[in-house]
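Enquirer: Contents of my_file_36.tsv (TSV, C-alpha atoms):
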chain	number	residue	atom	x	y	z
A	426	MET	CA	-13.90	108.76	-17.64
A	427	ALA	CA	-13.22	107.74	-21.22
A	428	GLU	CA	-10.70	109.91	-23.00
A	429	ALA	CA	-11.57	111.41	-26.35
A	430	GLY	CA	-10.61	109.16	-29.22
A	431	GLN	CA	-10.35	106.01	-27.11
A	432	SER	CA	-11.66	102.83	-28.75
A	433	TRP	CA	-14.33	100.62	-27.19
A	434	HIS	CA	-11.85	97.77	-26.81
A	435	GLY	CA	-9.30	100.08	-25.19
A	436	ILE	CA	-11.89	101.10	-22.62
A	437	VAL	CA	-12.81	97.46	-21.94
A	438	LEU	CA	-9.16	96.51	-21.45
A	439	GLU	CA	-8.48	99.41	-19.09
A	440	THR	CA	-11.66	98.69	-17.12
A	441	LEU	CA	-10.67	95.04	-16.69
A	442	LYS	CA	-7.23	96.09	-15.49
A	443	ARG	CA	-8.57	98.64	-13.03
A	444	ASN	CA	-10.81	95.94	-11.54
A	445	GLU	CA	-7.95	93.42	-11.23
A	446	ILE	CA	-9.49	91.05	-13.76
A	447	ARG	CA	-6.46	89.13	-14.97
A	448	LEU	CA	-7.79	85.87	-16.35
A	449	VAL	CA	-9.57	86.16	-19.70
A	450	PRO	CA	-10.40	82.92	-21.52
A	451	TYR	CA	-12.40	83.34	-24.70
A	452	VAL	CA	-13.94	81.74	-27.74
A	453	PRO	CA	-13.08	84.24	-30.45
A	454	ASP	CA	-15.27	86.52	-32.51
A	455	ARG	CA	-14.30	88.76	-35.40
A	456	VAL	CA	-15.53	91.85	-33.59
A	457	LEU	CA	-13.41	90.99	-30.53
A	458	THR	CA	-10.20	90.59	-32.54
A	459	ALA	CA	-8.51	93.84	-31.47
A	460	LEU	CA	-9.43	93.33	-27.81
A	461	ILE	CA	-8.11	89.76	-27.83
A	462	LYS	CA	-4.89	90.83	-29.57
A	463	ASN	CA	-4.27	93.59	-27.03
A	464	LEU	CA	-5.03	91.30	-24.08
A	465	HIS	CA	-2.44	88.85	-25.38
A	466	ALA	CA	0.09	91.67	-25.77
A	467	ASP	CA	-0.36	92.87	-22.17
A	468	PRO	CA	1.50	90.78	-19.56
A	469	PHE	CA	-1.04	91.86	-16.91
A	470	PHE	CA	-3.50	89.40	-18.44
A	471	THR	CA	-3.54	85.62	-18.69
A	472	THR	CA	-5.65	85.16	-21.79
A	473	PHE	CA	-6.18	82.11	-23.98
A	474	ALA	CA	-8.71	80.42	-26.23
A	475	THR	CA	-10.88	77.57	-24.99
A	476	ALA	CA	-12.63	74.98	-27.11
A	477	ARG	CA	-16.05	75.87	-25.78
A	478	GLU	CA	-17.64	78.72	-23.85
A	479	GLU	CA	-18.77	76.61	-20.90
A	480	GLU	CA	-15.19	75.43	-20.46
A	481	ALA	CA	-14.17	79.09	-20.08
A	482	VAL	CA	-16.97	79.59	-17.52
A	483	GLY	CA	-15.64	76.63	-15.52
A	484	ILE	CA	-12.11	78.03	-15.60
A	485	VAL	CA	-13.02	81.53	-14.35
A	486	SER	CA	-15.34	80.02	-11.72
A	487	GLY	CA	-12.53	77.87	-10.34
A	488	ALA	CA	-10.09	80.77	-10.48
A	489	TRP	CA	-12.44	83.12	-8.64
A	490	MET	CA	-12.99	80.60	-5.85
A	491	ALA	CA	-9.20	80.42	-5.58
A	492	GLY	CA	-8.79	84.19	-5.44
A	493	MET	CA	-8.20	85.28	-9.04
A	494	LYS	CA	-10.73	87.38	-10.92
A	495	GLY	CA	-11.58	86.69	-14.54
A	496	CYS	CA	-14.09	87.23	-17.30
A	497	VAL	CA	-15.15	85.37	-20.44
A	498	LEU	CA	-15.36	86.76	-23.98
A	499	MET	CA	-17.68	85.17	-26.53
A	500	GLN	CA	-20.19	85.86	-29.26
A	501	THR	CA	-23.96	85.49	-29.18
A	502	SER	CA	-24.08	81.93	-30.51
A	503	GLY	CA	-21.55	80.91	-27.84
A	504	PHE	CA	-23.75	82.35	-25.13
A	505	ALA	CA	-26.51	80.07	-26.38
A	506	THR	CA	-24.48	77.04	-25.22
A	507	LEU	CA	-24.38	78.24	-21.60
A	508	ALA	CA	-27.88	77.78	-20.13
A	509	ASN	CA	-26.91	74.63	-18.22
A	510	VAL	CA	-23.70	75.97	-16.68
A	511	LEU	CA	-25.37	79.24	-15.70
A	512	ALA	CA	-28.24	77.40	-14.02
A	513	SER	CA	-26.12	74.71	-12.34
A	514	LEU	CA	-22.86	76.50	-11.48
A	515	ALA	CA	-22.70	80.31	-11.76
A	516	VAL	CA	-26.11	81.20	-10.31
A	517	PRO	CA	-26.65	78.59	-7.54
A	518	TYR	CA	-23.03	78.71	-6.29
A	519	GLN	CA	-23.18	82.55	-6.32
A	520	ILE	CA	-20.19	83.07	-8.55
A	521	PRO	CA	-19.56	86.56	-9.98
A	522	LEU	CA	-19.21	85.35	-13.55
A	523	ILE	CA	-18.48	88.33	-15.81
A	524	MET	CA	-19.27	87.81	-19.49
A	525	PHE	CA	-18.68	90.07	-22.47
A	526	VAL	CA	-20.87	88.98	-25.37
A	527	SER	CA	-20.25	90.40	-28.82
A	528	GLU	CA	-23.73	90.68	-30.24
A	529	ARG	CA	-24.48	89.15	-33.59
A	530	GLY	CA	-27.85	88.47	-35.12
A	531	THR	CA	-29.22	91.98	-35.22
A	532	LEU	CA	-28.71	95.36	-36.93
A	533	GLY	CA	-27.59	94.01	-40.25
A	534	GLU	CA	-27.14	90.27	-39.68
A	535	PHE	CA	-26.72	88.28	-42.89
A	536	ASN	CA	-26.91	84.74	-41.40
A	537	TYR	CA	-30.45	83.70	-40.44
A	538	GLY	CA	-29.16	81.19	-37.86
A	539	GLN	CA	-27.30	83.97	-36.06
A	540	ALA	CA	-30.42	86.14	-36.11
A	541	LEU	CA	-32.44	83.32	-34.54
A	542	VAL	CA	-29.95	82.34	-31.86
A	543	CYS	CA	-29.60	85.99	-30.84
A	544	ARG	CA	-33.29	86.00	-29.90
A	545	THR	CA	-32.66	83.28	-27.30
A	546	MET	CA	-30.05	85.27	-25.36
A	547	ARG	CA	-32.09	87.79	-23.39
A	548	PRO	CA	-34.92	85.35	-22.56
A	549	VAL	CA	-32.32	82.97	-21.07
A	550	LEU	CA	-30.76	85.79	-19.03
A	551	ASP	CA	-34.18	87.01	-17.91
A	552	SER	CA	-35.42	83.53	-17.03
A	553	LEU	CA	-32.51	83.19	-14.57
A	554	SER	CA	-33.00	86.78	-13.34
A	555	MET	CA	-29.46	87.53	-14.35
A	556	GLU	CA	-28.17	91.07	-14.56
A	557	HIS	CA	-27.43	92.11	-18.14
A	558	HIS	CA	-26.83	95.32	-20.04
A	559	THR	CA	-26.65	96.03	-23.74
A	560	ILE	CA	-23.96	98.63	-24.36
A	561	THR	CA	-24.63	100.79	-27.41
A	562	ARG	CA	-22.68	104.00	-26.73
A	563	LEU	CA	-18.98	104.64	-26.29
A	564	ASP	CA	-19.60	107.35	-23.70
A	565	GLU	CA	-21.57	104.92	-21.52
A	566	LEU	CA	-19.25	101.93	-21.87
A	567	GLU	CA	-16.84	102.62	-19.03
A	568	PHE	CA	-19.61	103.49	-16.58
A	569	ILE	CA	-21.67	100.40	-17.37
A	570	ALA	CA	-18.72	98.00	-17.49
A	571	ASP	CA	-16.98	99.32	-14.38
A	572	ARG	CA	-20.13	99.50	-12.26
A	573	SER	CA	-21.38	96.11	-13.46
A	574	ILE	CA	-18.08	94.39	-12.69
A	575	LYS	CA	-18.05	95.89	-9.20
A	576	GLN	CA	-21.68	94.90	-8.65
A	577	ALA	CA	-21.05	91.32	-9.81
A	578	VAL	CA	-18.11	90.95	-7.42
A	579	THR	CA	-19.75	92.54	-4.40
A	580	THR	CA	-23.14	90.83	-4.82
A	581	GLN	CA	-21.61	87.52	-6.00
A	582	ALA	CA	-23.93	87.38	-8.96
A	583	PRO	CA	-23.15	86.85	-12.64
A	584	VAL	CA	-23.49	89.60	-15.24
A	585	ALA	CA	-23.62	89.66	-19.03
A	586	LEU	CA	-22.40	92.75	-20.85
A	587	ILE	CA	-23.70	92.64	-24.41
A	588	LEU	CA	-21.60	94.64	-26.85
A	589	SER	CA	-24.05	95.96	-29.46
A	590	PRO	CA	-23.07	96.56	-33.10
A	591	LEU	CA	-23.95	100.18	-32.33
A	592	LEU	CA	-20.85	100.20	-30.09
A	593	THR	CA	-18.48	97.91	-31.99
A	594	GLY	CA	-19.59	98.31	-35.60
A	595	GLY	CA	-20.54	94.63	-35.60
A	596	LYS	CA	-19.79	92.21	-38.38
A	597	VAL	CA	-20.93	93.13	-41.87
A	598	PHE	CA	-21.49	91.01	-44.94
A	599	ASP	CA	-18.26	91.06	-46.92
A	600	LYS	CA	-18.41	87.99	-49.13
B	680	MET	CA	-25.25	44.20	-21.11
B	681	ASN	CA	-21.81	44.42	-19.58
B	682	ALA	CA	-20.07	47.17	-21.50
B	683	GLN	CA	-16.70	46.10	-20.19
B	684	ALA	CA	-16.98	42.76	-21.93
B	685	HIS	CA	-16.57	44.62	-25.22
B	686	LEU	CA	-13.41	46.44	-24.24
B	687	PRO	CA	-10.13	45.31	-25.74
B	688	ALA	CA	-7.94	43.34	-23.37
B	689	ARG	CA	-5.88	45.63	-21.17
B	690	ASN	CA	-3.43	44.92	-18.40
B	691	THR	CA	-5.32	47.25	-16.10
B	692	LYS	CA	-7.12	45.94	-13.05
B	693	VAL	CA	-10.76	46.91	-12.60
B	694	MET	CA	-10.73	48.87	-9.35
B	695	ASN	CA	-13.31	50.72	-7.27
B	696	ARG	CA	-14.00	54.45	-7.25
B	697	PHE	CA	-14.54	54.81	-3.51
B	698	ASP	CA	-11.45	52.79	-2.68
B	699	LEU	CA	-9.26	54.85	-5.04
B	700	THR	CA	-10.74	58.13	-3.83
B	701	SER	CA	-10.10	57.10	-0.22
B	702	ARG	CA	-6.51	56.19	-1.08
B	703	LEU	CA	-6.03	59.59	-2.69
B	704	ILE	CA	-7.53	61.54	0.22
B	705	ALA	CA	-5.41	59.57	2.72
B	706	ARG	CA	-2.27	60.76	0.94
B	707	LEU	CA	-3.12	64.48	1.05
B	708	LYS	CA	-1.09	66.35	3.65
B	709	ASN	CA	-0.73	69.85	2.17
B	710	ASP	CA	-4.30	71.18	1.83
B	711	GLU	CA	-4.44	70.05	-1.77
B	712	ALA	CA	-7.58	71.12	-3.66
B	713	VAL	CA	-9.81	68.33	-4.99
B	714	ILE	CA	-12.55	69.02	-7.55
B	715	GLY	CA	-15.16	66.25	-7.73
B	716	GLY	CA	-17.10	65.90	-10.99
B	717	ILE	CA	-20.87	65.47	-11.18
B	718	GLY	CA	-22.61	62.50	-9.57
B	719	ASN	CA	-20.84	59.41	-8.28
B	720	THR	CA	-17.42	61.01	-8.54
B	721	ASN	CA	-18.21	63.67	-5.96
B	722	PHE	CA	-20.46	61.35	-3.94
B	723	ASP	CA	-17.43	59.14	-3.32
B	724	LEU	CA	-15.27	62.20	-2.63
B	725	TRP	CA	-17.81	63.27	-0.02
B	726	ALA	CA	-17.93	59.75	1.44
B	727	ALA	CA	-14.15	59.57	1.64
B	728	GLY	CA	-14.33	62.33	4.26
B	729	HIS	CA	-15.28	65.95	3.77
B	730	ARG	CA	-12.44	68.45	3.79
B	731	PRO	CA	-12.72	72.18	3.16
B	732	GLN	CA	-10.43	71.94	0.14
B	733	ASN	CA	-12.97	69.72	-1.65
B	734	PHE	CA	-15.30	71.20	-4.25
B	735	TYR	CA	-18.39	69.22	-5.24
B	736	MET	CA	-20.16	69.81	-8.55
B	737	LEU	CA	-23.95	69.52	-8.49
B	738	GLY	CA	-24.39	70.04	-12.23
B	739	SER	CA	-22.34	71.49	-15.10
B	740	MET	CA	-21.38	68.01	-16.28
B	741	GLY	CA	-17.91	67.90	-17.79
B	742	LEU	CA	-16.49	70.92	-15.99
B	743	ALA	CA	-14.37	69.27	-13.27
B	744	LEU	CA	-11.21	69.69	-15.35
B	745	PRO	CA	-11.88	73.34	-16.32
B	746	ILE	CA	-12.77	74.28	-12.71
B	747	ALA	CA	-9.60	72.55	-11.50
B	748	LEU	CA	-7.60	74.36	-14.17
B	749	GLY	CA	-8.93	77.69	-12.90
B	750	VAL	CA	-7.92	76.82	-9.33
B	751	ALA	CA	-4.49	75.66	-10.54
B	752	LEU	CA	-3.89	78.91	-12.45
B	753	ALA	CA	-4.99	81.06	-9.51
B	754	GLN	CA	-2.89	79.20	-6.94
B	755	PRO	CA	0.17	77.80	-8.72
B	756	LYS	CA	1.79	76.67	-5.45
B	757	ARG	CA	-1.14	74.46	-4.44
B	758	ARG	CA	-1.58	70.96	-5.86
B	759	VAL	CA	-4.98	70.56	-7.50
B	760	PHE	CA	-6.67	67.24	-8.24
B	761	ALA	CA	-9.63	66.81	-10.58
B	762	LEU	CA	-11.75	63.67	-10.29
B	763	GLU	CA	-13.82	63.09	-13.41
B	764	GLY	CA	-15.89	60.28	-14.90
B	765	ASP	CA	-15.43	58.94	-18.41
B	766	GLY	CA	-18.86	60.11	-19.59
B	767	SER	CA	-18.19	63.58	-18.22
B	768	LEU	CA	-14.79	63.82	-19.86
B	769	LEU	CA	-16.32	62.81	-23.18
B	770	MET	CA	-18.61	65.81	-22.89
B	771	GLN	CA	-15.70	68.25	-22.71
B	772	LEU	CA	-12.73	66.67	-24.50
B	773	GLY	CA	-11.56	70.08	-25.70
B	774	ALA	CA	-10.57	70.89	-22.11
B	775	LEU	CA	-7.66	68.45	-22.45
B	776	SER	CA	-6.16	70.55	-25.26
B	777	THR	CA	-6.57	73.76	-23.27
B	778	ILE	CA	-4.85	72.19	-20.25
B	779	ALA	CA	-2.06	70.80	-22.42
B	780	THR	CA	-1.50	74.24	-23.93
B	781	LEU	CA	-1.38	76.07	-20.58
B	782	SER	CA	0.48	73.14	-18.98
B	783	PRO	CA	0.08	73.92	-15.25
B	784	ASN	CA	2.46	71.58	-13.40
B	785	ASN	CA	0.28	71.60	-10.25
B	786	LEU	CA	-2.69	69.82	-11.83
B	787	THR	CA	-3.37	66.08	-11.54
B	788	MET	CA	-6.42	64.69	-13.36
B	789	ILE	CA	-7.91	61.33	-12.42
B	790	VAL	CA	-10.37	59.82	-14.88
B	791	MET	CA	-12.65	57.12	-13.50
B	792	ASP	CA	-13.59	54.90	-16.43
B	793	ASN	CA	-16.35	52.31	-16.06
B	794	GLY	CA	-17.55	52.63	-19.65
B	795	ILE	CA	-21.06	53.48	-18.51
B	796	TYR	CA	-23.31	56.30	-17.41
B	797	GLN	CA	-23.76	54.49	-14.11
B	798	ILE	CA	-26.02	57.04	-12.47
B	799	THR	CA	-28.56	57.22	-15.30
B	800	GLY	CA	-29.07	53.48	-15.53
B	801	ALA	CA	-25.68	52.06	-16.55
B	802	GLN	CA	-26.03	52.71	-20.27
B	803	PRO	CA	-22.70	52.29	-22.11
B	804	THR	CA	-20.92	55.48	-23.16
B	805	PRO	CA	-20.19	55.95	-26.86
B	806	ALA	CA	-16.52	55.32	-26.03
B	807	ALA	CA	-17.10	52.16	-24.00
B	808	SER	CA	-15.92	49.59	-26.48
B	809	THR	CA	-13.76	51.74	-28.74
B	810	ALA	CA	-12.06	54.91	-27.57
B	811	ASP	CA	-9.07	55.00	-25.21
B	812	LEU	CA	-9.34	58.08	-22.97
B	813	VAL	CA	-5.66	58.02	-21.99
B	814	GLY	CA	-4.82	57.81	-25.69
B	815	ILE	CA	-7.03	60.84	-26.30
B	816	ALA	CA	-5.27	62.73	-23.49
B	817	LEU	CA	-1.87	61.85	-24.95
B	818	ALA	CA	-2.96	62.97	-28.40
B	819	SER	CA	-4.32	66.19	-26.85
B	820	GLY	CA	-0.80	66.98	-25.68
B	821	ILE	CA	-0.86	65.76	-22.07
B	822	ALA	CA	2.35	63.74	-22.21
B	823	ASN	CA	2.08	62.55	-18.59
B	824	SER	CA	-0.98	60.37	-19.21
B	825	ALA	CA	-1.16	56.73	-18.18
B	826	TRP	CA	-3.55	53.98	-17.13
B	827	ALA	CA	-3.00	52.79	-13.56
B	828	ALA	CA	-2.39	49.04	-13.63
B	829	ASP	CA	-3.64	48.51	-10.06
B	830	GLU	CA	-4.07	50.36	-6.75
B	831	GLU	CA	-0.35	50.46	-5.99
B	832	ASP	CA	0.37	51.78	-9.45
B	833	PHE	CA	-2.33	54.43	-8.94
B	834	GLU	CA	-0.66	55.62	-5.75
B	835	ARG	CA	2.72	55.63	-7.48
B	836	LEU	CA	1.36	57.73	-10.35
B	837	VAL	CA	-0.25	60.16	-7.89
B	838	GLU	CA	3.08	60.52	-6.06
B	839	GLN	CA	4.93	60.99	-9.33
B	840	SER	CA	2.54	63.75	-10.41
B	841	LEU	CA	3.43	65.86	-7.35
B	842	SER	CA	6.86	66.68	-8.74
B	843	ALA	CA	6.03	66.55	-12.45
B	844	ALA	CA	6.98	69.47	-14.68
B	845	ALA	CA	3.66	69.31	-16.53
B	846	PRO	CA	0.06	68.27	-15.80
B	847	THR	CA	-0.66	64.60	-15.21
B	848	LEU	CA	-3.65	62.48	-16.21
B	849	ILE	CA	-4.23	59.12	-14.57
B	850	GLY	CA	-6.80	56.77	-16.05
B	851	VAL	CA	-8.32	54.17	-13.75
B	852	ARG	CA	-10.64	51.42	-14.81
B	853	ILE	CA	-13.39	51.04	-12.25
B	854	ASP	CA	-16.28	48.71	-11.59
B	855	GLU	CA	-19.97	49.50	-12.06
B	856	LYS	CA	-20.76	50.19	-8.41
B	857	PRO	CA	-22.67	53.39	-7.62
B	858	GLY	CA	-21.28	56.09	-5.34
B	859	THR	CA	-20.98	55.34	-1.63
B	860	GLY	CA	-22.44	58.53	-0.12
B	861	THR	CA	-24.51	61.48	-1.24
B	862	THR	CA	-23.10	64.97	-1.18
B	863	ARG	CA	-25.14	67.51	0.77
B	864	ARG	CA	-26.66	69.58	-1.99
B	865	ASP	CA	-25.96	73.06	-0.69
B	866	PRO	CA	-24.07	74.92	-3.40
B	867	VAL	CA	-23.47	78.14	-1.47
B	868	GLN	CA	-22.03	76.34	1.55
B	869	ILE	CA	-19.93	74.10	-0.67
B	870	ARG	CA	-18.48	77.13	-2.45
B	871	GLU	CA	-17.98	79.15	0.71
B	872	ARG	CA	-16.26	76.32	2.58
B	873	PHE	CA	-14.05	75.69	-0.43
B	874	MET	CA	-12.97	79.34	-0.45
B	875	HIS	CA	-12.15	79.11	3.27
B	876	GLY	CA	-10.23	75.93	2.57
B	877	LEU	CA	-8.19	77.67	-0.11
B	878	GLY	CA	-7.42	80.60	2.18
B	879	VAL	CA	-9.26	83.10	-0.01
B	880	ARG	CA	-11.52	84.37	2.77
B	881	GLU	CA	-12.25	83.91	6.44
B	882	PRO	CA	-15.54	82.63	7.89
B	883	LEU	CA	-17.92	85.32	9.15
Give the structure from the file, written as structure tokens.
Expert:
Amino acid sequence: MAEAGQSWHGIVLETLKRNEIRLVPYVPDRVLTALIKNLHADPFFTTFATAREEEAVGIVSGAWMAGMKGCVLMQTSGFATLANVLASLAVPYQIPLIMFVSERGTLGEFNYGQALVCRTMRPVLDSLSMEHHTITRLDELEFIADRSIKQAVTTQAPVALILSPLLTGGKVFDK
Amino acid sequence: MNAQAHLPARNTKVMNRFDLTSRLIARLKNDEAVIGGIGNTNFDLWAAGHRPQNFYMLGSMGLALPIALGVALAQPKRRVFALEGDGSLLMQLGALSTIATLSPNNLTMIVMDNGIYQITGAQPTPAASTADLVGIALASGIANSAWAADEEDFERLVEQSLSAAAPTLIGVRIDEKPGTGTTRRDPVQIRERFMHGLGVREPL
């Protein structure tokens, strides 16, 4: 279980490692900065930026079919670009696509566009009957992430793990 | 309207997708992976003769290159080919930069350029009379990018890519003919057979 004092991103990194998830393409987000930095610093991971979230979904889908597990990191607005690739690749081909979505648009959002696009995320996931969890508590993070990754792989079904500002602190208005 | 009439003069022969795909498949002797992009590109791959190392996209337009990149990263000793149309590539041009940055030497990309969205009614692409896709690939950092002058040149470029130190992109100008076959639209079987073909798992 999570050790006292461990950060949320430290738990995510260790959980990925324990589940042999080596390939981590991402479209960055301020909240994900520490996680992305530490993934780059760890030779266990192959991690890199892509130009677009659906590109990253294509990459981890190809890699999984060829025997290498991966996950995609993104923010809420990036998830909103994915409806087509989820409905035409990940779900019908039964690919265990694992997504970590840093949640913007709620609990103190300062950009109305972000608040609006956030409201499209769960309806899209629900309309495709996709598994998703919103993680709000540090003490539940490892359990939810570890179990969800294992479930995605064994049931060959995608999962979205939404990292709430309650967990990460979120992004606050600074200027 | 014939979109090709508006293209600048090039010393590249207008070839045929099915013929080129058949030439490629005939050369494959080492269980090379082939990712066929949406529509006609994978219809012709299917028609050229199904093999378990073929993956056929039934949607997710523009993702042939990213899917092929994922396969190439996971299995660096296997040669991976991506077959993509010009309209599809235009939808995901950023993928060229990602591939150039990661630079897997086992990836060969073949871009079939007819200047039109053939399958939706042959409307010209926005690039049809202006943009040069091989030029875009070069500017994205894929130094091994070239137009194939004719069928023999295409086969030579394919052969050359097998021992290249970096990814290769081959542009081929093709005619406006539709795909020859129609892929069986069974995504789970396509994916499962592909995984068997890549040695990732055994059949039940």
Enquirer: Check the smallest atom-to-atom distance from each of A:Cys543, A:Leu448, A:Ala491, A:Leu438 to chain B using all atoms listed in the file, then report the winner.
Expert: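 Distance minimum relative to chain B lands on A:Ala491.
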Enquirer: Distance limit 9 Å, atoms considered: all atoms listed in the file. Which chain B residues sit that close to chain A? Return them as a PyMOL selection string.
Expert: chain B and resi 736-754+771-774+776-777+781+865-871+873-874+877-880
Enquirer: To one decimal place in Å, what is the distance between CA of Thr559 in chain A and CA of Asp467 in chain A?
Expert: 26.5 Å
Enquirer: Go ahead and compute the interatomic distance for CA of Val578 in chain A and CA of Val497 in chain A, in Å to one decimal.
Expert: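 According to the coordinates, CA of Val578 in chain A and CA of Val497 in chain A are separated by 14.5 Å.
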Enquirer: Range 550-558 of chain A: which residues within 9 Å, counting only C-alpha atoms, same-chain residues fewer than 2 positions away excluded, as a short mmCIF file (atom, residue, chain, number, x, y, z; two decimals) with C-alpha atoms, keeping the file's coordinate frame?
Expert:
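Below you can see part_35.cif, which holds the result:
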data_model
loop_
_atom_site.label_atom_id
_atom_site.label_comp_id
_atom_site.auth_asym_id
_atom_site.auth_seq_id
_atom_site.Cartn_x
_atom_site.Cartn_y
_atom_site.Cartn_z
CA ALA A 508 -27.88 77.78 -20.13
CA LEU A 511 -25.37 79.24 -15.70
CA ALA A 512 -28.24 77.40 -14.02
CA VAL A 516 -26.11 81.20 -10.31
CA THR A 545 -32.66 83.28 -27.30
CA MET A 546 -30.05 85.27 -25.36
CA ARG A 547 -32.09 87.79 -23.39
CA PRO A 548 -34.92 85.35 -22.56
CA ILE A 560 -23.96 98.63 -24.36
CA ILE A 569 -21.67 100.40 -17.37
CA ALA A 570 -18.72 98.00 -17.49
CA SER A 573 -21.38 96.11 -13.46
CA ALA A 577 -21.05 91.32 -9.81
CA ALA A 582 -23.93 87.38 -8.96
CA PRO A 583 -23.15 86.85 -12.64
CA VAL A 584 -23.49 89.60 -15.24
CA ALA A 585 -23.62 89.66 -19.03
CA LEU A 586 -22.40 92.75 -20.85
CA ILE A 587 -23.70 92.64 -24.41
CA LEU A 588 -21.60 94.64 -26.85
#
Enquirer: At what distance in Å, to one decimal, does CA of Ile574 in chain A lie from CA of Thr458 in chain A?
Expert: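 Between CA of Thr458 in chain A and CA of Ile574 in chain A the gap works out to 21.7 Å.
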Enquirer: Name the residues in contact with range 831-836 of chain B at a cut-off of 9 Å, using all atoms listed in the file, excluding same-chain residues fewer than 2 positions from it; report them as a list in words.
Expert: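 Within the cut-off, the hits are Leu699, Arg702, Leu703, Arg706, Ala825, Trp826, Ala827, Ala828, Asp829, Glu838, Gln839, Ser840, Leu841, Thr847, Ile849, Gly850 and Val851 of chain B.
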